[in-house]
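Since the structure comes first, as structure tokens, the remarks are kept for the end.
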Amino acid sequence: MNKAILGKKLGMTQVFSPKGLVIPVTVIEATPNVVVQIKNEDNDGYNALVVAYGDIREKLVNKPREGVFKKAAVEPKRMLKEFKFDDISNYQVGQEIKCDVFAEGEKIDAVANSRGRGFTGSLFRWNMRHQDNTHGGNKVHRHQSLGSGPGIGKVFKGKRMAGRYGGTQVTVQNLEVVRVDSERNLILVKGAIPGPRNGVVMLRNAIKA
């Protein structure tokens, strides 16, 4: 069965396994997602769910989205997200997807936007080595060499240089669900998940498990 849910990254902590081992976990607050539209191959050419997530004041919802929520008879939400599934027979409009859709020990993939760091130098962006701090009076310790060799006189395409770093979609595969708290809508995932605190994360069943 295809499964996915949107949640908010609260941060990291640690829990203890039954054997007393310390497990680092990322805490995801996955409040119920509501299905507002079901797409199928006959009408749209592919199978997918459109789910709504996050609270929002009704006056902040624009007219097009307001029509989507009215058609589905669902209260307005902050986000709309499309999940492409092969099998959508188990879902219907108005259905809530809760955190207990995943179980402890299950393998999942986490998709989120990484933290944006703005314009950074090549050392920080590509983890390059800086030049010597001593021995010869070198004054350009963080300077990047652009030369490609004598007699060439150009910079080859794909050269790792300074530029915008972060703020891109990152997928971490085959993470393990350590604990599911249905009362507080929490999912504890083993290891780190990309994105800033309070950022939106999509959890789905692992593709390569």
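Residues are named by chain letter and number: chains run A, B, ... in the order of the structure tokens, numbers start at 1 in each chain, and ligands are numbered from 1 in the order shown.
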Item checked: Spatial neighbours of A:Phe85, max dist 9 Å, only C-alpha atoms, sep filter under 5 positions, as a ChimeraX atom specification -> /A:1-3,46-49
Each residue of stretch 111-137 of chain A lying at most 6 Å from stretch 156-174 of chain A should get a row with its shortest atom-to-atom pair and the distance in Å to one decimal, counting only C-alpha atoms; could you produce that, ordered by chain and increasing number, as CSV?
```
residue,atom,partner,partner_atom,distance
A:Val111,CA,A:Thr171,CA,4.5
A:Ala112,CA,A:Gln169,CA,5.6
A:Asn113,CA,A:Gln169,CA,4.3
A:Ser114,CA,A:Gly167,CA,5.0
A:Arg115,CA,A:Gly167,CA,5.4
A:Gly116,CA,A:Gly167,CA,4.1
A:Arg117,CA,A:Tyr165,CA,5.5
A:Gly118,CA,A:Arg164,CA,5.3
A:Phe119,CA,A:Arg164,CA,4.4
A:Thr120,CA,A:Gly163,CA,5.7
A:Gly121,CA,A:Ala162,CA,4.4
A:Ser122,CA,A:Ala162,CA,4.4
```
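Of the listed residues (A:Thr31, A:Val22, A:Gln144, A:Lys70), A:Gln144 comes nearest to A:Gln131; the distances count only C-alpha atoms.
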Next item on the list: May I have all residues of stretch 72-146 of chain A that DSSP, computed from the backbone, assigns to strand (DSSP E or B), given as a ChimeraX atom specification?
Entry: /A:79-84,96-97,107-113,118-120
Next item on the list: Please identify which residues in stretch 97-196 of chain A DSSP calls helix (DSSP H, G or I) from the backbone, and express them as a list in words.
Entry: Cys99, Asp100, Val101, Ser122, Leu123, Phe124, Arg125 and Trp126 of chain A
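If you measure from each of A:Ser145, A:Asn33, A:Gln95, A:Asn198 to A:Asn185 using only C-alpha atoms, the closest one turns out to be A:Asn33.
Each of A:Ala30, A:Ile88, A:Ala72, A:Leu123 was checked against A:Ser182 using only C-alpha atoms; the smallest atom-to-atom distance is that of A:Ala30.
Shortest atom-to-atom contact with A:Phe124 among A:Gly147, A:Val177, A:Asp109, A:Arg142: A:Arg142, counting only C-alpha atoms.
The shortest atom-to-atom distance to A:Glu58, with only C-alpha atoms taken into account, belongs to A:Pro76 out of A:Gly11, A:Gly45, A:Pro76, A:Pro32.
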Next item on the list: Tell me, as a PyMOL selection string, which residues lie within 6 Å of A:Gly7, counting only C-alpha atoms; anything in the same chain fewer than 5 positions away does not count.
Entry: chain A and resi 28-30+200-201
Prev. selection, all heavy atoms, output as a short mmCIF file (atom, residue, chain, number, x, y, z; two decimals), in the first residue's frame:
```
data_model
loop_
_atom_site.label_atom_id
_atom_site.label_comp_id
_atom_site.auth_asym_id
_atom_site.auth_seq_id
_atom_site.Cartn_x
_atom_site.Cartn_y
_atom_site.Cartn_z
N ILE A 28 8.92 14.36 14.36
CA ILE A 28 8.05 14.94 13.34
C ILE A 28 6.63 15.02 13.90
O ILE A 28 6.08 14.00 14.34
CB ILE A 28 8.06 14.10 12.05
CG1 ILE A 28 9.47 13.91 11.53
CG2 ILE A 28 7.16 14.74 11.00
CD1 ILE A 28 10.15 15.18 11.10
N GLU A 29 6.06 16.22 13.89
CA GLU A 29 4.67 16.39 14.29
C GLU A 29 3.80 16.29 13.04
O GLU A 29 3.77 17.20 12.21
CB GLU A 29 4.46 17.75 14.97
CG GLU A 29 3.05 17.96 15.47
CD GLU A 29 2.83 19.34 16.05
OE1 GLU A 29 3.57 20.27 15.64
OE2 GLU A 29 1.94 19.50 16.89
N ALA A 30 3.12 15.15 12.93
CA ALA A 30 2.32 14.87 11.73
C ALA A 30 0.84 14.95 12.09
O ALA A 30 0.20 13.94 12.38
CB ALA A 30 2.67 13.50 11.16
N VAL A 200 8.62 21.88 6.83
CA VAL A 200 7.69 20.83 6.41
C VAL A 200 8.46 19.66 5.83
O VAL A 200 9.38 19.84 5.02
CB VAL A 200 6.68 21.37 5.38
CG1 VAL A 200 5.75 20.26 4.90
CG2 VAL A 200 5.87 22.51 5.99
N VAL A 201 8.10 18.46 6.27
CA VAL A 201 8.75 17.22 5.83
C VAL A 201 7.69 16.27 5.30
O VAL A 201 6.60 16.15 5.88
CB VAL A 201 9.52 16.55 6.98
CG1 VAL A 201 10.18 15.26 6.52
CG2 VAL A 201 10.56 17.50 7.56
#
```
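Closest approach to A:Glu183 from the set A:Val25, A:Ser89, A:Asn40, A:Cys99 is made by A:Cys99, with distances taken over only C-alpha atoms.
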